[in-house]
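To be precise, the following lines are upload-v3.cif, and they hold mmCIF, N, CA and C atoms.
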data_protein
#
loop_
_atom_site.label_atom_id
_atom_site.label_comp_id
_atom_site.auth_asym_id
_atom_site.auth_seq_id
_atom_site.Cartn_x
_atom_site.Cartn_y
_atom_site.Cartn_z
N MET A 157 8.82 -40.74 -13.35
CA MET A 157 9.65 -39.81 -14.09
C MET A 157 8.84 -38.58 -14.50
N PHE A 158 7.61 -38.82 -14.98
CA PHE A 158 6.75 -37.72 -15.41
C PHE A 158 6.41 -36.82 -14.21
N LEU A 159 6.14 -37.44 -13.05
CA LEU A 159 5.81 -36.68 -11.85
C LEU A 159 7.00 -35.83 -11.42
N TYR A 160 8.20 -36.40 -11.50
CA TYR A 160 9.42 -35.66 -11.16
C TYR A 160 9.58 -34.45 -12.09
N LEU A 161 9.40 -34.63 -13.38
CA LEU A 161 9.52 -33.55 -14.36
C LEU A 161 8.47 -32.48 -14.10
N LEU A 162 7.27 -32.89 -13.75
CA LEU A 162 6.19 -31.95 -13.44
C LEU A 162 6.53 -31.12 -12.20
N MET A 163 7.09 -31.75 -11.18
CA MET A 163 7.49 -31.04 -9.96
C MET A 163 8.60 -30.03 -10.26
N VAL A 164 9.58 -30.41 -11.05
CA VAL A 164 10.68 -29.51 -11.40
C VAL A 164 10.14 -28.30 -12.15
N CYS A 165 9.25 -28.54 -13.10
CA CYS A 165 8.65 -27.44 -13.87
C CYS A 165 7.83 -26.51 -12.96
N ALA A 166 7.10 -27.08 -12.01
CA ALA A 166 6.30 -26.28 -11.09
C ALA A 166 7.19 -25.42 -10.21
N ILE A 167 8.26 -26.00 -9.70
CA ILE A 167 9.19 -25.25 -8.84
C ILE A 167 9.86 -24.13 -9.65
N ALA A 168 10.30 -24.45 -10.86
CA ALA A 168 10.93 -23.44 -11.72
C ALA A 168 9.94 -22.32 -12.03
N GLY A 169 8.70 -22.67 -12.27
CA GLY A 169 7.67 -21.65 -12.53
C GLY A 169 7.44 -20.76 -11.33
N LEU A 170 7.38 -21.33 -10.13
CA LEU A 170 7.20 -20.54 -8.91
C LEU A 170 8.38 -19.61 -8.67
N VAL A 171 9.59 -20.11 -8.89
CA VAL A 171 10.79 -19.27 -8.72
C VAL A 171 10.76 -18.11 -9.71
N ALA A 172 10.41 -18.40 -10.96
CA ALA A 172 10.34 -17.34 -11.98
C ALA A 172 9.27 -16.31 -11.62
N LEU A 173 8.11 -16.76 -11.17
CA LEU A 173 7.03 -15.86 -10.78
C LEU A 173 7.44 -15.00 -9.58
N ALA A 174 8.05 -15.62 -8.58
CA ALA A 174 8.50 -14.88 -7.40
C ALA A 174 9.55 -13.83 -7.79
N THR A 175 10.44 -14.18 -8.70
CA THR A 175 11.47 -13.24 -9.16
C THR A 175 10.83 -12.04 -9.84
N ILE A 176 9.86 -12.29 -10.69
CA ILE A 176 9.18 -11.20 -11.40
C ILE A 176 8.45 -10.29 -10.41
N VAL A 177 7.73 -10.88 -9.47
CA VAL A 177 6.97 -10.09 -8.50
C VAL A 177 7.92 -9.26 -7.64
N LEU A 178 8.99 -9.86 -7.13
CA LEU A 178 9.94 -9.12 -6.30
C LEU A 178 10.62 -8.01 -7.08
N ARG A 179 10.97 -8.25 -8.31
CA ARG A 179 11.61 -7.22 -9.14
C ARG A 179 10.66 -6.04 -9.36
N ARG A 180 9.38 -6.35 -9.61
CA ARG A 180 8.41 -5.26 -9.80
C ARG A 180 8.22 -4.45 -8.53
N LEU A 181 8.17 -5.14 -7.39
CA LEU A 181 8.03 -4.42 -6.13
C LEU A 181 9.24 -3.52 -5.87
N LYS A 182 10.43 -4.03 -6.14
CA LYS A 182 11.64 -3.23 -5.94
C LYS A 182 11.65 -2.04 -6.88
N ASN A 183 11.30 -2.25 -8.14
CA ASN A 183 11.26 -1.14 -9.10
C ASN A 183 10.24 -0.09 -8.69
N ARG A 184 9.12 -0.54 -8.16
CA ARG A 184 8.10 0.40 -7.70
C ARG A 184 8.63 1.22 -6.54
N GLN A 185 9.32 0.57 -5.60
CA GLN A 185 9.90 1.28 -4.46
C GLN A 185 10.94 2.29 -4.93
N VAL A 186 11.76 1.92 -5.89
CA VAL A 186 12.79 2.82 -6.42
C VAL A 186 12.13 4.04 -7.06
N ARG A 187 11.06 3.84 -7.82
CA ARG A 187 10.36 4.96 -8.45
C ARG A 187 9.73 5.88 -7.41
N GLN A 188 9.12 5.29 -6.37
CA GLN A 188 8.52 6.11 -5.31
C GLN A 188 9.60 6.91 -4.57
N ASP A 189 10.73 6.27 -4.27
CA ASP A 189 11.82 6.97 -3.61
C ASP A 189 12.32 8.13 -4.45
N GLU A 190 12.41 7.90 -5.76
CA GLU A 190 12.87 8.95 -6.67
C GLU A 190 11.89 10.13 -6.69
N LEU A 191 10.59 9.84 -6.66
CA LEU A 191 9.60 10.90 -6.62
C LEU A 191 9.72 11.74 -5.35
N TRP A 192 9.90 11.09 -4.20
CA TRP A 192 10.04 11.83 -2.95
C TRP A 192 11.33 12.63 -2.92
N PHE A 193 12.40 12.10 -3.51
CA PHE A 193 13.65 12.84 -3.59
C PHE A 193 13.45 14.10 -4.43
N GLY A 194 12.73 13.98 -5.54
CA GLY A 194 12.42 15.14 -6.37
C GLY A 194 11.58 16.16 -5.62
N TYR A 195 10.65 15.67 -4.79
CA TYR A 195 9.81 16.58 -4.02
C TYR A 195 10.65 17.31 -2.98
N ARG A 196 11.59 16.60 -2.35
CA ARG A 196 12.48 17.25 -1.37
C ARG A 196 13.29 18.34 -2.06
N ARG A 197 13.80 18.05 -3.24
CA ARG A 197 14.56 19.04 -4.01
C ARG A 197 13.65 20.23 -4.33
N HIS A 198 12.39 19.94 -4.70
CA HIS A 198 11.43 21.00 -4.98
C HIS A 198 11.20 21.88 -3.74
N MET A 199 11.12 21.27 -2.55
CA MET A 199 10.95 22.04 -1.32
C MET A 199 12.13 22.99 -1.11
N ASN A 200 13.34 22.52 -1.38
CA ASN A 200 14.51 23.38 -1.23
C ASN A 200 14.47 24.53 -2.22
N GLU A 201 14.07 24.25 -3.46
CA GLU A 201 13.96 25.30 -4.47
C GLU A 201 12.87 26.30 -4.10
N LEU A 202 11.76 25.80 -3.58
CA LEU A 202 10.66 26.66 -3.16
C LEU A 202 11.11 27.55 -2.00
N ARG A 203 11.88 26.99 -1.08
CA ARG A 203 12.41 27.78 0.05
C ARG A 203 13.27 28.92 -0.49
N ASP A 204 14.15 28.61 -1.44
CA ASP A 204 15.03 29.63 -1.99
C ASP A 204 14.25 30.72 -2.73
N ALA A 205 13.11 30.35 -3.30
CA ALA A 205 12.31 31.31 -4.08
C ALA A 205 11.24 32.01 -3.24
N SER A 206 11.10 31.64 -1.97
CA SER A 206 10.04 32.20 -1.12
C SER A 206 10.65 33.00 0.02
N PRO A 207 10.64 34.32 -0.10
CA PRO A 207 11.20 35.15 0.97
C PRO A 207 10.49 34.87 2.30
N GLY A 208 11.28 34.71 3.33
CA GLY A 208 10.72 34.50 4.66
C GLY A 208 10.33 33.07 4.97
N ALA A 209 10.48 32.15 4.02
CA ALA A 209 10.13 30.75 4.27
C ALA A 209 11.38 29.97 4.66
N GLU A 210 11.24 29.08 5.60
CA GLU A 210 12.35 28.23 6.05
C GLU A 210 11.87 26.82 6.31
N LEU A 211 12.79 25.88 6.23
CA LEU A 211 12.50 24.48 6.53
C LEU A 211 12.72 24.22 8.01
N ALA A 212 11.78 23.51 8.60
CA ALA A 212 11.89 23.12 10.01
C ALA A 212 11.29 21.72 10.15
N SER A 213 11.84 20.96 11.08
CA SER A 213 11.24 19.66 11.37
C SER A 213 10.55 19.75 12.73
N VAL A 214 9.49 18.99 12.88
CA VAL A 214 8.75 18.97 14.13
C VAL A 214 9.49 18.03 15.08
N ALA A 215 10.11 18.61 16.10
CA ALA A 215 10.90 17.82 17.05
C ALA A 215 9.99 17.13 18.07
N GLN A 216 8.94 17.83 18.49
CA GLN A 216 8.06 17.28 19.52
C GLN A 216 6.70 17.98 19.44
N VAL A 217 5.65 17.22 19.59
CA VAL A 217 4.30 17.78 19.73
C VAL A 217 3.93 17.60 21.19
N TYR A 218 3.59 18.71 21.87
CA TYR A 218 3.27 18.55 23.29
C TYR A 218 1.84 18.93 23.66
N GLN A 219 1.07 19.45 22.71
CA GLN A 219 -0.35 19.65 23.00
C GLN A 219 -1.12 19.80 21.69
N ARG A 220 -2.20 19.04 21.59
CA ARG A 220 -3.10 19.15 20.43
C ARG A 220 -4.44 19.65 20.95
N ALA A 221 -5.03 20.52 20.14
CA ALA A 221 -6.35 21.05 20.48
C ALA A 221 -7.13 21.19 19.18
N GLY A 222 -8.41 21.43 19.30
CA GLY A 222 -9.22 21.63 18.11
C GLY A 222 -8.79 22.85 17.31
N SER A 223 -8.21 23.81 18.00
CA SER A 223 -7.82 25.05 17.33
C SER A 223 -6.38 25.03 16.81
N GLY A 224 -5.61 24.00 17.14
CA GLY A 224 -4.24 23.94 16.66
C GLY A 224 -3.35 23.03 17.48
N THR A 225 -2.04 23.18 17.28
CA THR A 225 -1.08 22.30 17.93
C THR A 225 0.10 23.10 18.46
N LYS A 226 0.52 22.77 19.67
CA LYS A 226 1.75 23.34 20.23
C LYS A 226 2.85 22.31 20.00
N ALA A 227 3.97 22.78 19.49
CA ALA A 227 5.06 21.86 19.16
C ALA A 227 6.40 22.58 19.29
N VAL A 228 7.43 21.78 19.34
CA VAL A 228 8.79 22.30 19.26
C VAL A 228 9.28 21.98 17.86
N ILE A 229 9.80 22.99 17.16
CA ILE A 229 10.36 22.78 15.83
C ILE A 229 11.86 23.00 15.89
N ALA A 230 12.56 22.35 14.98
CA ALA A 230 14.02 22.53 14.85
C ALA A 230 14.28 23.08 13.45
N TRP A 231 14.89 24.25 13.39
CA TRP A 231 15.18 24.87 12.10
C TRP A 231 16.29 24.10 11.40
N GLN A 232 16.09 23.78 10.13
CA GLN A 232 17.04 22.95 9.37
C GLN A 232 18.39 23.63 9.18
N ARG A 233 18.41 24.91 8.92
CA ARG A 233 19.69 25.60 8.66
C ARG A 233 20.56 25.73 9.89
N THR A 234 19.93 25.90 11.07
CA THR A 234 20.70 26.19 12.28
C THR A 234 20.64 25.08 13.32
N GLY A 235 19.59 24.26 13.28
CA GLY A 235 19.41 23.24 14.32
C GLY A 235 18.80 23.78 15.60
N VAL A 236 18.54 25.09 15.65
CA VAL A 236 17.96 25.72 16.83
C VAL A 236 16.51 25.28 16.98
N GLU A 237 16.15 24.92 18.21
CA GLU A 237 14.77 24.52 18.50
C GLU A 237 13.98 25.71 19.01
N GLN A 238 12.67 25.73 18.70
CA GLN A 238 11.82 26.84 19.08
C GLN A 238 10.40 26.33 19.31
N ASP A 239 9.77 26.85 20.36
CA ASP A 239 8.36 26.55 20.58
C ASP A 239 7.56 27.16 19.44
N SER A 240 6.46 26.49 19.08
CA SER A 240 5.64 27.00 17.99
C SER A 240 4.17 26.68 18.22
N TRP A 241 3.33 27.45 17.55
CA TRP A 241 1.90 27.24 17.57
C TRP A 241 1.43 27.15 16.13
N PHE A 242 0.79 26.02 15.78
CA PHE A 242 0.24 25.80 14.45
C PHE A 242 -1.26 25.96 14.53
N GLU A 243 -1.74 27.09 14.04
CA GLU A 243 -3.16 27.40 14.09
C GLU A 243 -3.94 26.51 13.12
N GLY A 244 -4.86 25.72 13.66
CA GLY A 244 -5.74 24.89 12.84
C GLY A 244 -5.04 23.71 12.16
N MET A 245 -3.85 23.38 12.60
CA MET A 245 -3.09 22.28 11.97
C MET A 245 -2.63 21.29 13.03
N ASN A 246 -2.32 20.08 12.57
CA ASN A 246 -1.85 19.02 13.47
C ASN A 246 -0.64 18.31 12.87
N PRO A 247 0.53 18.95 12.85
CA PRO A 247 1.70 18.26 12.33
C PRO A 247 2.12 17.13 13.26
N ASP A 248 2.84 16.16 12.72
CA ASP A 248 3.31 15.03 13.50
C ASP A 248 4.81 15.16 13.76
N PRO A 249 5.29 14.56 14.86
CA PRO A 249 6.73 14.59 15.12
C PRO A 249 7.51 14.01 13.93
N GLY A 250 8.57 14.69 13.54
CA GLY A 250 9.40 14.25 12.43
C GLY A 250 9.03 14.86 11.11
N ASP A 251 7.83 15.44 10.98
CA ASP A 251 7.43 16.07 9.72
C ASP A 251 8.40 17.19 9.37
N LEU A 252 8.72 17.30 8.10
CA LEU A 252 9.54 18.40 7.59
C LEU A 252 8.59 19.39 6.95
N LEU A 253 8.68 20.66 7.37
CA LEU A 253 7.74 21.67 6.93
C LEU A 253 8.48 22.87 6.35
N LEU A 254 7.96 23.39 5.26
CA LEU A 254 8.43 24.66 4.74
C LEU A 254 7.44 25.69 5.25
N LEU A 255 7.93 26.60 6.13
CA LEU A 255 7.06 27.49 6.89
C LEU A 255 7.31 28.96 6.63
N ARG A 256 6.25 29.69 6.81
CA ARG A 256 6.30 31.12 7.05
C ARG A 256 5.60 31.31 8.37
N GLY A 257 5.87 32.37 9.02
CA GLY A 257 5.22 32.65 10.28
C GLY A 257 5.84 33.87 10.91
N SER A 258 5.58 34.04 12.20
CA SER A 258 6.15 35.19 12.89
C SER A 258 6.36 34.86 14.36
N PRO A 259 7.42 35.40 14.93
CA PRO A 259 7.65 35.18 16.36
C PRO A 259 6.74 36.10 17.18
N GLY A 260 6.43 35.65 18.37
CA GLY A 260 5.59 36.45 19.25
C GLY A 260 5.63 35.93 20.67
N TRP A 261 4.87 36.57 21.53
CA TRP A 261 4.81 36.22 22.94
C TRP A 261 3.96 34.98 23.14
N GLY A 262 4.47 34.04 23.94
CA GLY A 262 3.72 32.83 24.26
C GLY A 262 3.16 32.93 25.66
N PRO A 263 1.89 33.26 25.80
CA PRO A 263 1.32 33.46 27.14
C PRO A 263 1.30 32.19 27.99
N ASP A 264 1.21 31.01 27.35
CA ASP A 264 1.15 29.77 28.14
C ASP A 264 2.48 29.42 28.78
N ASN A 265 3.57 29.67 28.06
CA ASN A 265 4.88 29.31 28.61
C ASN A 265 5.74 30.54 28.90
N THR A 266 5.14 31.70 28.84
CA THR A 266 5.80 33.00 29.09
C THR A 266 7.10 33.16 28.29
N SER A 267 7.10 32.62 27.09
CA SER A 267 8.26 32.76 26.21
C SER A 267 8.03 33.94 25.27
N PRO A 268 9.05 34.77 25.12
CA PRO A 268 8.91 35.90 24.19
C PRO A 268 9.18 35.51 22.74
N ASN A 269 9.45 34.22 22.50
CA ASN A 269 9.89 33.82 21.17
C ASN A 269 9.19 32.56 20.66
N VAL A 270 7.87 32.55 20.68
CA VAL A 270 7.10 31.44 20.11
C VAL A 270 6.89 31.74 18.63
N PHE A 271 7.05 30.73 17.79
CA PHE A 271 6.86 30.92 16.36
C PHE A 271 5.42 30.57 16.02
N TYR A 272 4.67 31.56 15.55
CA TYR A 272 3.25 31.39 15.22
C TYR A 272 3.09 31.11 13.73
N VAL A 273 2.42 30.01 13.41
CA VAL A 273 2.16 29.62 12.02
C VAL A 273 0.65 29.60 11.82
N ALA A 274 0.17 30.50 10.99
CA ALA A 274 -1.27 30.59 10.71
C ALA A 274 -1.62 29.60 9.60
N ALA A 275 -2.90 29.35 9.46
CA ALA A 275 -3.36 28.47 8.38
C ALA A 275 -2.88 29.04 7.05
N GLY A 276 -2.37 28.18 6.20
CA GLY A 276 -1.86 28.62 4.89
C GLY A 276 -0.40 29.00 4.89
N GLN A 277 0.24 29.00 6.05
CA GLN A 277 1.66 29.37 6.10
C GLN A 277 2.60 28.17 6.06
N VAL A 278 2.05 26.96 6.01
CA VAL A 278 2.85 25.77 5.72
C VAL A 278 2.80 25.62 4.21
N LEU A 279 3.91 25.93 3.54
CA LEU A 279 3.94 25.94 2.08
C LEU A 279 4.12 24.54 1.49
N ALA A 280 4.79 23.66 2.24
CA ALA A 280 5.01 22.28 1.79
C ALA A 280 5.34 21.44 3.02
N SER A 281 5.11 20.14 2.92
CA SER A 281 5.44 19.26 4.05
C SER A 281 5.80 17.87 3.55
N MET A 282 6.60 17.17 4.36
CA MET A 282 6.97 15.78 4.08
C MET A 282 6.90 14.99 5.37
N THR A 283 6.27 13.84 5.30
CA THR A 283 6.21 12.96 6.47
C THR A 283 7.57 12.30 6.68
N VAL A 284 7.72 11.65 7.80
CA VAL A 284 8.96 10.92 8.10
C VAL A 284 9.21 9.84 7.06
N GLU A 285 8.14 9.15 6.66
CA GLU A 285 8.28 8.08 5.67
C GLU A 285 8.75 8.63 4.32
N ALA A 286 8.22 9.77 3.92
CA ALA A 286 8.62 10.39 2.65
C ALA A 286 10.08 10.84 2.71
N GLN A 287 10.50 11.37 3.85
CA GLN A 287 11.89 11.79 4.01
C GLN A 287 12.83 10.58 3.94
N ALA A 288 12.41 9.47 4.53
CA ALA A 288 13.22 8.25 4.47
C ALA A 288 13.35 7.76 3.03
N ALA A 289 12.27 7.85 2.27
CA ALA A 289 12.31 7.44 0.86
C ALA A 289 13.26 8.33 0.07
N ALA A 290 13.20 9.64 0.31
CA ALA A 290 14.10 10.57 -0.37
C ALA A 290 15.55 10.28 -0.01
N ALA A 291 15.80 9.97 1.27
CA ALA A 291 17.16 9.66 1.71
C ALA A 291 17.66 8.36 1.09
N ARG A 292 16.76 7.36 0.98
CA ARG A 292 17.15 6.10 0.33
C ARG A 292 17.57 6.35 -1.11
N HIS A 293 16.78 7.17 -1.81
CA HIS A 293 17.11 7.47 -3.21
C HIS A 293 18.42 8.24 -3.30
N GLU A 294 18.59 9.23 -2.43
CA GLU A 294 19.82 10.02 -2.45
C GLU A 294 21.03 9.14 -2.16
N HIS A 295 20.89 8.25 -1.18
CA HIS A 295 21.99 7.35 -0.83
C HIS A 295 22.30 6.40 -1.97
N GLY A 296 21.27 5.83 -2.57
CA GLY A 296 21.47 4.92 -3.70
C GLY A 296 22.06 5.63 -4.89
N HIS A 297 21.60 6.87 -5.12
CA HIS A 297 22.09 7.67 -6.25
C HIS A 297 23.55 8.03 -6.05
N THR A 298 23.91 8.46 -4.82
CA THR A 298 25.31 8.82 -4.57
C THR A 298 26.20 7.61 -4.60
N ALA A 299 25.72 6.49 -4.09
CA ALA A 299 26.54 5.27 -4.10
C ALA A 299 26.78 4.80 -5.53
N SER A 300 25.79 4.96 -6.41
CA SER A 300 25.97 4.50 -7.78
C SER A 300 26.80 5.49 -8.60
N ASP A 301 26.92 6.75 -8.11
CA ASP A 301 27.72 7.74 -8.82
C ASP A 301 29.21 7.60 -8.54
N VAL A 302 29.55 6.86 -7.49
CA VAL A 302 30.95 6.70 -7.13
C VAL A 302 31.63 5.77 -8.13
N THR A 303 32.73 6.21 -8.68
CA THR A 303 33.47 5.38 -9.63
C THR A 303 34.74 4.87 -8.98
N PRO A 304 35.06 3.61 -9.20
CA PRO A 304 36.25 3.05 -8.55
C PRO A 304 37.53 3.60 -9.13
#
Please go through the file and, once you have read it, give me the structure as structure tokens.
Amino acid sequence: MFLYLLMVCAIAGLVALATIVLRRLKNRQVRQDELWFGYRRHMNELRDASPGAELASVAQVYQRAGSGTKAVIAWQRTGVEQDSWFEGMNPDPGDLLLLRGSPGWGPDNTSPNVFYVAAGQVLASMTVEAQAAAARHEHGHTASDVTP
């Protein structure tokens, strides 16, 4: 009987401990998602306050070099894709970037419309993981705002 009672107490203790640990992990994830959502909102506000800056996501990286990266970016407002050169930077596919830069001639692909981004012209950036966290928070926030 004593052994049975000891086993029940041990199992109850493990369940309680697991519940506490899982709840803390979930709360931590919720806080991190909220922080990234706030950062995304900050990027939008920064874009609105920065003349000539726009949000673009890196659609594809097709060449990396010590001096920079050639990539295709997709402008957030229009969805239009454009070849780009990131001087001294190595963005990853899916990164969201707040950019300044200038269009120019692309001698490698003979395009008259390559977007050149010099060092210091990426004003803010978010990785794919950070964007997913912001979207999770936004989705959870909008779902909880809905009233039946």
- Task: Find the spatial neighbours of Val186 of chain A, counting only C-alpha atoms, within a cut-off of 10 Å - ignore same-chain residues fewer than 6 positions away - and output them as number ranges by chain.
- Result: A: 180, 289-290, 292-293, 296
Same residues, N, CA and C atoms, saved as a PDB file, in the frame of the given file:
ATOM      1  N   ARG A 180       9.380  -6.350  -9.610  1.00  0.00           N
ATOM      2  CA  ARG A 180       8.410  -5.260  -9.800  1.00  0.00           C
ATOM      3  C   ARG A 180       8.220  -4.450  -8.530  1.00  0.00           C
ATOM      4  N   ALA A 289      12.270   7.850   2.270  1.00  0.00           N
ATOM      5  CA  ALA A 289      12.310   7.440   0.860  1.00  0.00           C
ATOM      6  C   ALA A 289      13.260   8.330   0.070  1.00  0.00           C
ATOM      7  N   ALA A 290      13.200   9.640   0.310  1.00  0.00           N
ATOM      8  CA  ALA A 290      14.100  10.570  -0.370  1.00  0.00           C
ATOM      9  C   ALA A 290      15.550  10.280  -0.010  1.00  0.00           C
ATOM     10  N   ARG A 292      16.760   7.360   0.980  1.00  0.00           N
ATOM     11  CA  ARG A 292      17.150   6.100   0.330  1.00  0.00           C
ATOM     12  C   ARG A 292      17.570   6.350  -1.110  1.00  0.00           C
ATOM     13  N   HIS A 293      16.780   7.170  -1.810  1.00  0.00           N
ATOM     14  CA  HIS A 293      17.110   7.470  -3.210  1.00  0.00           C
ATOM     15  C   HIS A 293      18.420   8.240  -3.300  1.00  0.00           C
ATOM     16  N   GLY A 296      21.270   5.830  -2.570  1.00  0.00           N
ATOM     17  CA  GLY A 296      21.470   4.920  -3.700  1.00  0.00           C
ATOM     18  C   GLY A 296      22.060   5.630  -4.890  1.00  0.00           C
TER      19      GLY A 296
END
- Task: Quick one: pull the distance between atom C of Leu254 of chain A and atom C of Gln185 of chain A, Å, one decimal.
- Result: 25.8 Å
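For the choices A:Glu201, A:Glu210, A:Glu243, A:Asp248, the atom-to-atom distance to Val273 of chain A is smallest for A:Glu243 when using all atoms listed in the file.
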- Message: Please list as a list in words every residue within 7 Å of Leu252 of chain A, counting only N, CA and C atoms and excluding residues in the same chain fewer than 6 positions away.
- Response: Leu211, Ala212, Ser213, Val214, Ala280, Ser281, Met282, Thr283 and Val284 of chain A
Selection to disk with N, CA and C atoms, as an mmCIF file, in the coordinates of the input:
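Wrote again.cif, looks like this:
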data_model
loop_
_atom_site.group_PDB
_atom_site.id
_atom_site.type_symbol
_atom_site.label_atom_id
_atom_site.label_comp_id
_atom_site.auth_asym_id
_atom_site.auth_seq_id
_atom_site.Cartn_x
_atom_site.Cartn_y
_atom_site.Cartn_z
ATOM 1 N N LEU A 211 12.790 25.880 6.230
ATOM 2 C CA LEU A 211 12.500 24.480 6.530
ATOM 3 C C LEU A 211 12.720 24.220 8.010
ATOM 4 N N ALA A 212 11.780 23.510 8.600
ATOM 5 C CA ALA A 212 11.890 23.120 10.010
ATOM 6 C C ALA A 212 11.290 21.720 10.150
ATOM 7 N N SER A 213 11.840 20.960 11.080
ATOM 8 C CA SER A 213 11.240 19.660 11.370
ATOM 9 C C SER A 213 10.550 19.750 12.730
ATOM 10 N N VAL A 214 9.490 18.990 12.880
ATOM 11 C CA VAL A 214 8.750 18.970 14.130
ATOM 12 C C VAL A 214 9.490 18.030 15.080
ATOM 13 N N ALA A 280 4.790 23.660 2.240
ATOM 14 C CA ALA A 280 5.010 22.280 1.790
ATOM 15 C C ALA A 280 5.340 21.440 3.020
ATOM 16 N N SER A 281 5.110 20.140 2.920
ATOM 17 C CA SER A 281 5.440 19.260 4.050
ATOM 18 C C SER A 281 5.800 17.870 3.550
ATOM 19 N N MET A 282 6.600 17.170 4.360
ATOM 20 C CA MET A 282 6.970 15.780 4.080
ATOM 21 C C MET A 282 6.900 14.990 5.370
ATOM 22 N N THR A 283 6.270 13.840 5.300
ATOM 23 C CA THR A 283 6.210 12.960 6.470
ATOM 24 C C THR A 283 7.570 12.300 6.680
ATOM 25 N N VAL A 284 7.720 11.650 7.800
ATOM 26 C CA VAL A 284 8.960 10.920 8.100
ATOM 27 C C VAL A 284 9.210 9.840 7.060
#
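The space between atom CA of His295 of chain A and atom CA of Glu190 of chain A spans 10.9 Å.
As for atom CA of Ala215 of chain A and atom C of Thr266 of chain A, they are spaced 19.4 Å apart.
Applied to this file, the PyMOL selection byres (((chain A and resi 257 and name CA) around 6) and name CA) selects the residues Arg256, Ser258, Tyr272 and Val273 of chain A.
When only C-alpha atoms are used to measure the gap to Pro207 of chain A, the shortest distance among A:Leu279, A:Thr175, A:Lys226, A:Asp251 belongs to A:Leu279.
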- Among chain A, which residues carry a DSSP assignment of strand (DSSP E or B), reported as a VMD selection string? chain A and resid 210 to 221 224 to 231 237 to 243 252 to 255 258 to 262 267 to 273 278 to 282
- Message: For the helix (DSSP H, G or I) assignment from backbone DSSP, which residues of chain A qualify? Please present them as JSON, numbers by chain.
- Response: {"A": [158, 159, 160, 161, 162, 163, 164, 165, 166, 167, 168, 169, 170, 171, 172, 173, 174, 175, 176, 177, 178, 179, 180, 181, 182, 183, 184, 185, 186, 187, 188, 189, 190, 191, 192, 193, 194, 195, 196, 197, 198, 199, 200, 201, 202, 203, 204, 205, 284, 285, 286, 287, 288, 289, 290, 291, 292, 293, 294, 295, 296, 297, 298, 299, 300, 301]}
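Closest approach to Ala286 of chain A among A:Tyr218, A:Val270, A:Val164, A:Asp189 is made by A:Asp189 (distances from all atoms listed in the file).
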